[in-house]
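Peer 1: Just passing along the structure, written as structure tokens.
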Amino acid sequence: SKRRISGFKPTGPLQFGNYMGAIRPVVEGQHAQPTVVFIADLHALTVRHDPAVLRRSSMEVAGLLLASGIDPEKTVLYRQSDLPAHTELHYLLECVASYGETHRMIQFKEKGGGGGSRLSLLTYPVLMASDILLHDIEEVPVGRDQRQHVELTRDLAVRFNERYGPVLTVPRAVHPAVAARVADLAEPTTKMGKTNASTGGVLFLLDPPDVLRRKVMRAVTDTGTEVVHDPERKPGVSNLLDLLEACTGEQRRDFRGYGELKATVADAVVATLAPIQQKYHEIDETYIEEILRDGAERARERADRTVSRVREALGLTTAR
Ligand code: TYM
């Protein structure tokens, strides 16, 4: 069975795209596959941030991952900044990556990577590559938006191995069959995201049922009245149909109109999130801290071994 990893950036409250694109696939796979899940707090430093909010947000993300079914007995769950190996490998991989290939990344362009943005925003994909390569990962369950970063990770691993010997495992991205790219309900041609400027079309995992319902009922649909799955011509309706299929596991198309579709989707979303919300409110911070500390301990050994191999291959000393 293939080793997996997935990471979550604590830049805001988790949303439904995070759940469908990555959390649920990880939860479903964790009993058959060795799995690592981490809070990508170093990645949250690549854009303007508030230290107190970051600390709180990291705890919330960890709590929501546990509430969503990440089983800490099976899965190694930890906080990236607790393991210095991430930053060490990050630098070593920067010496294998080129300026051009990070500059090309879509996310850098989208986040307005200009002269004033943090340098870490540019090198972010290399940190992500180090997250993955540290753990000898074969599969990376992520949403479609992260595919390009995993491709870069593959390129770096292959290049490293060609130049310095077979040291790194070459991973690949895996996506769920439906909802690999959940769209913003108010703007169905863009991705639903925790930091989208307007939150009217973003379903947050901790939104109360009435808020979830209202957001779905106000979803932008398309011209016409017919409910058909056609992502090109009907992105709004297709997104709702995908959400429904992701929630219920069944493909349904027999709706009399947009109103009925929306009401059905709203029910499905509320029903999917209810148990997660309930569990979240039962988890306390001391427990979360314990899990994260224990997770970092469990992750450390393999990570340190990888860094040692890389250091040796590059001609550095390994005794530390
Ligand atoms: P992040 O925190 O933006 O998102 C976490 C996960 O949720 C997925 N996702 C979505 N999937 C479907 N539809 C959406 N609308 C949607 N929005 C988000 C993301 O694809 C991701 O899988 N760089 C990563 C974090 C990271 C990471 C890693 C992931 C850092 N290192 C190593 C995997 C392996 C990120 O910003 O994800």
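Here's how to read the names in the structure tokens: chain A, B, ... by the order shown, residue numbers from 1 in each chain, ligand numbers from 1 in the order shown.
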Return as a tab-separated table the residues of chain A lying at most 6 Å from ligand 1, together with the closest atom-to-atom pair for each and the distance in Å to one decimal, counting only C-alpha atoms and all ligand atoms, with rows in chain order and ascending residue number.
Peer 2:
```
residue	atom	partner	partner_atom_place_in_ligand_line	distance
A:Ile5	CA	ligand 1	34 (C)	5.7
A:Ser6	CA	ligand 1	33 (C)	3.9
A:Gly7	CA	ligand 1	29 (C)	3.8
A:Phe8	CA	ligand 1	2 (O)	3.8
A:Lys9	CA	ligand 1	2 (O)	3.6
A:Gly17	CA	ligand 1	14 (C)	3.5
A:Asn18	CA	ligand 1	7 (O)	3.4
A:Met20	CA	ligand 1	12 (C)	5.9
A:Gly21	CA	ligand 1	11 (N)	3.5
A:Ala22	CA	ligand 1	22 (O)	4.7
A:Ala40	CA	ligand 1	30 (C)	5.4
A:Met128	CA	ligand 1	31 (N)	4.0
A:Asp131	CA	ligand 1	32 (C)	5.3
A:Ile132	CA	ligand 1	32 (C)	5.3
A:Val142	CA	ligand 1	22 (O)	3.3
A:Gly143	CA	ligand 1	20 (O)	3.1
A:Arg144	CA	ligand 1	20 (O)	5.6
A:Asp145	CA	ligand 1	20 (O)	5.0
A:Gln146	CA	ligand 1	20 (O)	4.8
A:Ala179	CA	ligand 1	12 (C)	5.9
A:Ala180	CA	ligand 1	12 (C)	4.5
A:Arg181	CA	ligand 1	13 (N)	3.5
A:Val182	CA	ligand 1	13 (N)	3.8
A:Ala183	CA	ligand 1	15 (N)	5.5
A:Lys191	CA	ligand 1	15 (N)	4.6
A:Met192	CA	ligand 1	15 (N)	4.0
A:Gly193	CA	ligand 1	17 (N)	5.1
```
Peer 1: Which residues are near Ala186 (chain A)? Cut-off 12 Å, only C-alpha atoms, ignore same chain within fewer than 3 positions. Put them as a list in words.
Peer 2: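 The residues satisfying every condition are Val182, Ala183, Thr189, Thr190, Lys191, Met192, Gly193, Asn196, Ala197, Ser198, Thr199, Gly200, Gly201, Val202, Leu203, Arg214, Lys215, Val216, Met217, Arg218, Ala219, Val220, Thr221, Asp222, Pro235, Gly236, Val237, Asn239 and Leu240 of chain A.
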Peer 1: Restricted to N, CA, C and O atoms, what would the selected residues look like written as an mmCIF file, in the first residue's frame?
Peer 2:
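See out.cif below for the written result:
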```
data_model
loop_
_atom_site.group_PDB
_atom_site.id
_atom_site.type_symbol
_atom_site.label_atom_id
_atom_site.label_comp_id
_atom_site.auth_asym_id
_atom_site.auth_seq_id
_atom_site.Cartn_x
_atom_site.Cartn_y
_atom_site.Cartn_z
ATOM 1 N N VAL A 182 -14.005 22.155 -6.293
ATOM 2 C CA VAL A 182 -15.303 22.729 -5.947
ATOM 3 C C VAL A 182 -15.253 24.221 -6.280
ATOM 4 O O VAL A 182 -14.287 24.908 -5.935
ATOM 5 N N ALA A 183 -16.275 24.713 -6.972
ATOM 6 C CA ALA A 183 -16.290 26.130 -7.353
ATOM 7 C C ALA A 183 -16.990 26.980 -6.301
ATOM 8 O O ALA A 183 -17.822 26.495 -5.532
ATOM 9 N N THR A 189 -17.018 30.170 -11.753
ATOM 10 C CA THR A 189 -15.856 29.903 -12.597
ATOM 11 C C THR A 189 -14.559 29.973 -11.781
ATOM 12 O O THR A 189 -13.487 29.648 -12.282
ATOM 13 N N THR A 190 -14.681 30.381 -10.497
ATOM 14 C CA THR A 190 -13.467 30.382 -9.659
ATOM 15 C C THR A 190 -13.593 29.307 -8.586
ATOM 16 O O THR A 190 -14.688 28.863 -8.233
ATOM 17 N N LYS A 191 -12.452 28.923 -8.054
ATOM 18 C CA LYS A 191 -12.381 27.867 -7.043
ATOM 19 C C LYS A 191 -12.896 28.378 -5.699
ATOM 20 O O LYS A 191 -12.644 29.522 -5.330
ATOM 21 N N MET A 192 -13.622 27.532 -4.991
ATOM 22 C CA MET A 192 -14.000 27.888 -3.622
ATOM 23 C C MET A 192 -12.710 27.899 -2.799
ATOM 24 O O MET A 192 -11.921 26.955 -2.869
ATOM 25 N N GLY A 193 -12.492 28.987 -2.033
ATOM 26 C CA GLY A 193 -11.238 29.066 -1.280
ATOM 27 C C GLY A 193 -11.429 29.774 0.042
ATOM 28 O O GLY A 193 -12.290 30.653 0.154
ATOM 29 N N ASN A 196 -11.023 33.582 -0.345
ATOM 30 C CA ASN A 196 -11.729 34.346 -1.379
ATOM 31 C C ASN A 196 -12.252 35.666 -0.795
ATOM 32 O O ASN A 196 -12.699 35.708 0.353
ATOM 33 N N ALA A 197 -12.166 36.711 -1.618
ATOM 34 C CA ALA A 197 -12.504 38.063 -1.142
ATOM 35 C C ALA A 197 -13.912 38.119 -0.530
ATOM 36 O O ALA A 197 -14.124 38.697 0.526
ATOM 37 N N SER A 198 -14.875 37.503 -1.219
ATOM 38 C CA SER A 198 -16.229 37.487 -0.675
ATOM 39 C C SER A 198 -16.553 36.081 -0.182
ATOM 40 O O SER A 198 -16.216 35.090 -0.833
ATOM 41 N N THR A 199 -17.183 35.981 0.991
ATOM 42 C CA THR A 199 -17.417 34.656 1.567
ATOM 43 C C THR A 199 -18.835 34.141 1.275
ATOM 44 O O THR A 199 -19.190 33.046 1.698
ATOM 45 N N GLY A 200 -19.606 34.919 0.517
ATOM 46 C CA GLY A 200 -20.995 34.533 0.229
ATOM 47 C C GLY A 200 -21.117 33.223 -0.525
ATOM 48 O O GLY A 200 -22.134 32.538 -0.413
ATOM 49 N N GLY A 201 -20.090 32.868 -1.270
ATOM 50 C CA GLY A 201 -20.166 31.636 -2.051
ATOM 51 C C GLY A 201 -19.266 30.543 -1.510
ATOM 52 O O GLY A 201 -19.012 29.549 -2.173
ATOM 53 N N VAL A 202 -18.765 30.737 -0.278
ATOM 54 C CA VAL A 202 -17.851 29.761 0.324
ATOM 55 C C VAL A 202 -18.544 29.065 1.496
ATOM 56 O O VAL A 202 -18.986 29.718 2.441
ATOM 57 N N LEU A 203 -18.632 27.754 1.429
ATOM 58 C CA LEU A 203 -19.263 26.984 2.510
ATOM 59 C C LEU A 203 -18.187 26.604 3.509
ATOM 60 O O LEU A 203 -17.349 25.739 3.229
ATOM 61 N N ARG A 214 -28.560 29.131 3.309
ATOM 62 C CA ARG A 214 -28.721 30.407 2.609
ATOM 63 C C ARG A 214 -27.703 30.535 1.475
ATOM 64 O O ARG A 214 -28.025 30.959 0.375
ATOM 65 N N LYS A 215 -26.468 30.144 1.738
ATOM 66 C CA LYS A 215 -25.434 30.256 0.705
ATOM 67 C C LYS A 215 -25.775 29.378 -0.507
ATOM 68 O O LYS A 215 -25.585 29.781 -1.649
ATOM 69 N N VAL A 216 -26.267 28.173 -0.237
ATOM 70 C CA VAL A 216 -26.609 27.288 -1.354
ATOM 71 C C VAL A 216 -27.813 27.840 -2.118
ATOM 72 O O VAL A 216 -27.818 27.870 -3.358
ATOM 73 N N MET A 217 -28.823 28.320 -1.384
ATOM 74 C CA MET A 217 -30.021 28.832 -2.056
ATOM 75 C C MET A 217 -29.713 30.061 -2.916
ATOM 76 O O MET A 217 -30.390 30.326 -3.894
ATOM 77 N N ARG A 218 -28.675 30.802 -2.515
ATOM 78 C CA ARG A 218 -28.294 31.995 -3.292
ATOM 79 C C ARG A 218 -27.233 31.718 -4.344
ATOM 80 O O ARG A 218 -26.716 32.644 -4.963
ATOM 81 N N ALA A 219 -26.894 30.463 -4.534
ATOM 82 C CA ALA A 219 -25.846 30.116 -5.502
ATOM 83 C C ALA A 219 -26.199 30.675 -6.884
ATOM 84 O O ALA A 219 -27.360 30.656 -7.289
ATOM 85 N N VAL A 220 -25.210 31.177 -7.575
ATOM 86 C CA VAL A 220 -25.423 31.675 -8.928
ATOM 87 C C VAL A 220 -25.618 30.470 -9.839
ATOM 88 O O VAL A 220 -24.785 29.565 -9.888
ATOM 89 N N THR A 221 -26.745 30.469 -10.523
ATOM 90 C CA THR A 221 -26.954 29.383 -11.488
ATOM 91 C C THR A 221 -26.753 29.977 -12.872
ATOM 92 O O THR A 221 -26.176 31.043 -13.012
ATOM 93 N N ASP A 222 -27.223 29.325 -13.881
ATOM 94 C CA ASP A 222 -26.917 29.782 -15.223
ATOM 95 C C ASP A 222 -28.202 30.136 -15.933
ATOM 96 O O ASP A 222 -29.287 29.862 -15.453
ATOM 97 N N PRO A 235 -21.595 26.166 -15.577
ATOM 98 C CA PRO A 235 -20.675 25.897 -14.464
ATOM 99 C C PRO A 235 -21.365 25.912 -13.099
ATOM 100 O O PRO A 235 -21.010 25.107 -12.223
ATOM 101 N N GLY A 236 -22.338 26.791 -12.920
ATOM 102 C CA GLY A 236 -23.011 26.895 -11.624
ATOM 103 C C GLY A 236 -23.818 25.645 -11.309
ATOM 104 O O GLY A 236 -23.687 25.048 -10.237
ATOM 105 N N VAL A 237 -24.644 25.247 -12.246
ATOM 106 C CA VAL A 237 -25.485 24.062 -12.061
ATOM 107 C C VAL A 237 -24.612 22.810 -11.938
ATOM 108 O O VAL A 237 -24.844 21.950 -11.074
ATOM 109 N N ASN A 239 -21.616 22.587 -10.822
ATOM 110 C CA ASN A 239 -20.971 22.585 -9.504
ATOM 111 C C ASN A 239 -21.934 22.052 -8.440
ATOM 112 O O ASN A 239 -21.556 21.239 -7.594
ATOM 113 N N LEU A 240 -23.199 22.488 -8.505
ATOM 114 C CA LEU A 240 -24.190 22.012 -7.527
ATOM 115 C C LEU A 240 -24.418 20.508 -7.680
ATOM 116 O O LEU A 240 -24.521 19.773 -6.689
#
```
Peer 1: Rank nothing, just name the residue among A:Glu162, A:Thr223, A:Arg4, A:Ala129 nearest to Glu28 (chain A), using only C-alpha atoms.
Peer 2: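 Nearest to Glu28 (chain A): A:Arg4.
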Peer 1: By how many Å are CA of Thr272 (chain A) and CA of Cys247 (chain A) apart?
Peer 2: 6.4 Å
Peer 1: Using only C-alpha atoms, which residue out of A:Glu73, A:Phe16, A:Val310, A:Thr317 lies closest to Leu212 (chain A)?
Peer 2: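 Checking each of A:Glu73, A:Phe16, A:Val310, A:Thr317 against Leu212 (chain A), counting only C-alpha atoms, the winner is A:Phe16.
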Peer 1: Among the residues of region 74-206 of chain A, find those DSSP assigns to strand (DSSP E or B) from the backbone and print them as a count of residues only.
Peer 2: 18
Peer 1: To one decimal place in Å, what is the distance between CA of Cys95 (chain A) and CA of Tyr164 (chain A)?
Peer 2: 12.2 Å
Peer 1: Between CA of Gln251 (chain A) and CA of Leu185 (chain A), what is the spacing in Å?
Peer 2: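 Between these atoms lies a distance of 19.4 Å.
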Peer 1: Please extract the residues of region 33-153 of chain A with a backbone DSSP assignment of alpha helix (DSSP H) and present them as a VMD selection string.
Peer 2: chain A and resid 51 to 67 85 to 94 99 to 103 106 to 110 119 to 133 147 to 153
